[in-house]
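Notes to accompany the following structure.
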Amino acid sequence: MFRAGVGAALTVTAMLAAPPVGAFREVHAQERAPRAWSQPPRPTSRDYPRAALHQNISGWADIRCTLINSPTPSACVIENEIPVGHSFGEAAMRVVSRARLNTAAIRPEKIGTTYVVRVPFQA
């Protein structure tokens, strides 16, 4: 059975190492920003890569985006996906593209920095 990981793990970090699930740290300041999302990234059963689901494979992907003064995540790219070759990166990109940032929580000095969103998929 598919579980979307209701607390869509959101991680903002400058390192490639796997940060703790649920952490949100800005790249340069390492500050918590609990109200950063007005609509957090939440995977649904439709987002799960079909082949991975049928093979009962869990995974995750990190998506790096640039912070702009807009609710829509910008200039996002797949930074990492585990396991490789199961389309978790593409699925996570769809999830992040639906998410919305709370622009009132964006500090002007953070515009232009990057952040990483970790999207987990559990079979």
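In the structure tokens, chains take the letters A, B, ... in the order shown, each chain's residues start at 1, and ligands count up from 1 in the order shown.
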Might you pull out every residue within 9 Å of Arg100 of chain A, with only C-alpha atoms counted and same-chain residues fewer than 4 positions away left off, and present them as a PDB file with C-alpha atoms, in the first residue's frame?
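The result, stored in out-v6.pdb:
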```
ATOM      1  CA  ALA A  36       7.762  28.866   4.620  1.00  0.00           C
ATOM      2  CA  TRP A  37       5.050  26.884   2.803  1.00  0.00           C
ATOM      3  CA  SER A  38       1.457  27.993   2.395  1.00  0.00           C
ATOM      4  CA  GLN A  39       0.858  24.720   0.508  1.00  0.00           C
ATOM      5  CA  PRO A  40       3.591  22.208   1.387  1.00  0.00           C
ATOM      6  CA  PRO A  41       4.845  19.638  -1.113  1.00  0.00           C
ATOM      7  CA  SER A  70       6.936  34.308  -5.630  1.00  0.00           C
ATOM      8  CA  PRO A  71       4.773  31.531  -4.219  1.00  0.00           C
ATOM      9  CA  THR A  72       5.831  29.168  -7.033  1.00  0.00           C
ATOM     10  CA  PRO A  73       9.102  27.234  -6.617  1.00  0.00           C
ATOM     11  CA  VAL A  96       7.280  20.440  -5.744  1.00  0.00           C
TER      12      VAL A  96
END
```
Can you pull out every residue within 8 Å of segment 103-106 of chain A, counting only C-alpha atoms, but drop anything in the same chain fewer than 2 positions away, and send it as a PDB file with N, CA and C atoms, in the first residue's frame?
```pdb
ATOM      1  N   ALA A  33      12.422  27.871   9.357  1.00  0.00           N
ATOM      2  CA  ALA A  33      11.386  28.687   8.739  1.00  0.00           C
ATOM      3  C   ALA A  33      10.099  27.877   8.683  1.00  0.00           C
ATOM      4  N   ARG A  35       7.000  28.529   8.686  1.00  0.00           N
ATOM      5  CA  ARG A  35       5.857  28.988   7.890  1.00  0.00           C
ATOM      6  C   ARG A  35       6.260  29.268   6.442  1.00  0.00           C
ATOM      7  N   ALA A  36       7.267  28.602   5.964  1.00  0.00           N
ATOM      8  CA  ALA A  36       7.762  28.866   4.620  1.00  0.00           C
ATOM      9  C   ALA A  36       6.787  28.407   3.536  1.00  0.00           C
ATOM     10  N   ASN A  69      10.795  35.981  -4.854  1.00  0.00           N
ATOM     11  CA  ASN A  69       9.631  36.515  -4.146  1.00  0.00           C
ATOM     12  C   ASN A  69       8.357  36.145  -4.902  1.00  0.00           C
ATOM     13  N   SER A  70       8.090  34.855  -4.936  1.00  0.00           N
ATOM     14  CA  SER A  70       6.936  34.308  -5.630  1.00  0.00           C
ATOM     15  C   SER A  70       6.496  33.055  -4.888  1.00  0.00           C
ATOM     16  N   PRO A  71       5.214  32.755  -4.895  1.00  0.00           N
ATOM     17  CA  PRO A  71       4.773  31.531  -4.219  1.00  0.00           C
ATOM     18  C   PRO A  71       5.168  30.247  -4.955  1.00  0.00           C
ATOM     19  N   LEU A 101       4.948  28.601  -1.768  1.00  0.00           N
ATOM     20  CA  LEU A 101       5.642  29.242  -0.654  1.00  0.00           C
ATOM     21  C   LEU A 101       4.805  30.372  -0.094  1.00  0.00           C
ATOM     22  N   PRO A 108      13.807  39.464   2.422  1.00  0.00           N
ATOM     23  CA  PRO A 108      14.425  40.011   1.206  1.00  0.00           C
ATOM     24  C   PRO A 108      15.881  39.592   1.008  1.00  0.00           C
ATOM     25  N   LYS A 110      17.210  36.865   1.549  1.00  0.00           N
ATOM     26  CA  LYS A 110      17.302  35.453   1.155  1.00  0.00           C
ATOM     27  C   LYS A 110      16.977  35.244  -0.321  1.00  0.00           C
ATOM     28  N   ILE A 111      16.441  36.263  -0.995  1.00  0.00           N
ATOM     29  CA  ILE A 111      16.119  36.152  -2.415  1.00  0.00           C
ATOM     30  C   ILE A 111      17.396  35.800  -3.193  1.00  0.00           C
TER      31      ILE A 111
END
```
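Between atom CA of Cys65 of chain A and atom CA of Val117 of chain A the interatomic distance comes to 7.9 Å.
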Legend entry - d(atom CA of Ser74 of chain A, atom CA of Gln122 of chain A) in Å: 26.1 Å
Inset, instruction - Do a neighbour search on Arg64 of chain A at 8 Å with only C-alpha atoms, toss out local chain neighbours closer than 5 positions, and write the hits as JSON, numbers by chain. - result: {"A": [76, 77, 78, 79, 114, 115, 116, 117]}
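The two atoms in question, atom CA of Trp60 of chain A and atom CA of Phe88 of chain A, are spaced 6.1 Å apart.
Near segment 47-55 of chain A, within 7 Å and counting only C-alpha atoms, sit A:His86, A:Ser87, A:Phe88, A:Ala91, A:Phe121, A:Ala123; same-chain residues fewer than 6 positions away were not included.
For the residues A:Ile63, A:Ile68, A:Ala99, A:Ala75, ranking by smallest atom-to-atom distance to Pro43 of chain A using only C-alpha atoms places A:Ala99 first.
Restricting the calculation to only C-alpha atoms, the smallest distance between Ile82 of chain A and any of A:Val95, A:Thr44, A:Asn56, A:Ala61 is found for A:Ala61.
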